[in-house]
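Encoded as structure tokens, the structure appears first; notes follow it.
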Amino acid sequence: MKRYGKTECLYEEICSEYTIERAMRHSLNKHKYPNMRVPDYTRAQKYMIAHWDECKENVRRSLTSETYQFNPLHPFKVYEPKERIINCPQFYPDKIILTCVYMVLREYFYSKFVRNTYNCIKGRGIHDAKRAIERIMNKYPLWYYCQTDIRKFYPTIRHDVLKADLACVFKDTRILRILYAVVDMFHEGIDEETLEEIGIAIGVNLSQLMAILIMIPILRDINERWKYPCVGFTDDVWVAIPTKKECHVFMDWYVRRCKKRGMVVKPNYRIAPMNEPLRMIGYEFRLDEDNKEYTLLGKDIKMRMKRRARQLERMNVDDEYWKQQMASYFGWCKHARCRNLMRKTFGERYKLFEKNMQTFKDIKGSEIGEFGIPKKDRVSVTALESVMICFDDAQIVQIKSVDEKTGEEVTKEKLAVKFRYAATDKDGNNEPTGASLYFISGSPSLRDRLLKVRSSMPFIGMIVKHGNRKKYYAIE
């Protein structure tokens, strides 16, 4: 198995100023709702913003000299809906260092994951797992399935097993030392049989990748030895098996295999025919009379949605606030057969979501942009390099954005250009053709040149790179 580290210069990339800068900016970002444009920073975040260069240099020095020491984690409880204890690292410098490691090593963790594992992986979330379950149920409607779960998964992960798995992925001792330090940041207790520390922190971003990594050998055995179609959602595993007898044989092996890695399978695992409802990842999967799969919303989420809708109705809130509060539930419903449920739960306010039945990309594309042209007809300026176009008009526009460093809303002046593509006719002359499009650029050289020749528009020309900096362009 290929191991990563020294050849790829991963630790040097973790210690680079570019990675640390990205991690510092990423740690300042919060979920921005429509009524929360400016984040409310904590005292530690304000200190880091005020002493930006000094903090960045301190983090770089501690990484290069390996003098970092993680502080105790801060525990707090959440209810989602069951009670969980989240252990959060200190913002500075612990969270910055952990984010640096996460950003660099994330793709190398992904390379060791099998395709049928989901959760906490970019592009492989709940809806990708939902589509995989639907495909398997439609393909094998007469089979059985096994649904399993691990008892107290995060608090029972053995440190020695996890460190051995990490050593199979990375070979640079510096990377292993910092990953072992992350593992040792938290422990739930001592395993009575092996006398090894157990438990990793829920709340550290690397813990999610490590939790998936601990399950990968088991999922790989299912794929290669048993060759059953399965879906792994962290510790929840769902496997489709041809007969009931084979299900019991498989479960005996699965329980023993998990026990070897220090995990205990809950005794209430389920073996059922495929036409029995499957409740997993927030949805309920069923087969109809023609053995075609259809998906409903899970009972817990459905009850919470109804309860929240009744609360908002009693509060007599306006449509905009109501839509904002119920948007997450609409996101769950639109991926299942829930139109009647939404009409009954939302009542007259169901019409607020009718437009959102389209994709977000379609909605944004139908909006009108510069020069009265739809936003879907906006072209990236990088796609126009060395392409003959007809410049029809240009104007300065005000673009609002959020500064990554301070989080404040700023307004920048950029150049919007209306153009058409140019084609060569029979006589070798370039003539404009097609509908009008537009692009927006922040290049100073392109802005200065186009504004000088704006009076002579329309004219035909092209955009080329200016010097070695890709973001600057000039007219040839």
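Simple scheme: letters A, B, ... for chains in structure tokens order, numbers from 1 for residues in each chain, numbers from 1 for ligands in the order shown.
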Once you count only C-alpha atoms, what closest atom pair and distance in Å to one decimal does each residue of region 110-196 of chain A within 6 Å of region 270-287 of chain A have, with rows by chain and rising residue number, as JSON lines?
```
{"residue": "A:Pro141", "atom": "CA", "partner": "A:Met274", "partner_atom": "CA", "distance": 5.8}
{"residue": "A:Trp143", "atom": "CA", "partner": "A:Met274", "partner_atom": "CA", "distance": 5.6}
{"residue": "A:Tyr144", "atom": "CA", "partner": "A:Pro273", "partner_atom": "CA", "distance": 4.1}
{"residue": "A:Tyr145", "atom": "CA", "partner": "A:Ala272", "partner_atom": "CA", "distance": 5.7}
{"residue": "A:Cys146", "atom": "CA", "partner": "A:Ile271", "partner_atom": "CA", "distance": 4.7}
{"residue": "A:Gln147", "atom": "CA", "partner": "A:Arg270", "partner_atom": "CA", "distance": 5.1}
```
Q | Nearby residues (only C-alpha atoms) at most 10 Å from Thr194 (chain A), same-chain spacing under 2 positions excluded, as JSON, numbers by chain | A | {"A": [158, 160, 190, 191, 192, 196, 197, 262]}
Q | Contacts of Asp448 (chain A) within 10 Å, only C-alpha atoms, excl. fewer than 4 positions in-chain, as a count of residues only | A | 6
Q: Pull the strand (DSSP E) assignments for region 165-297 of chain A out of DSSP run on the backbone, and list those residues as a ChimeraX atom specification.
A: /A:189-190,197-198,230-233,236-241,270-273,278-280,283-287,293-297
Q. Which residue out of A:Ser401, A:Val387, A:Tyr438, A:Tyr41 has the minimum interatomic distance to Gly372 (chain A) when only C-alpha atoms are used?
A.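 Smallest distance to Gly372 (chain A) is found for A:Tyr438.
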Q | Selected residue of minimal separation from Val169 (chain A) among A:Ser27, A:Tyr4, A:Ala201, A:Glu66, counting only C-alpha atoms | A | A:Tyr4
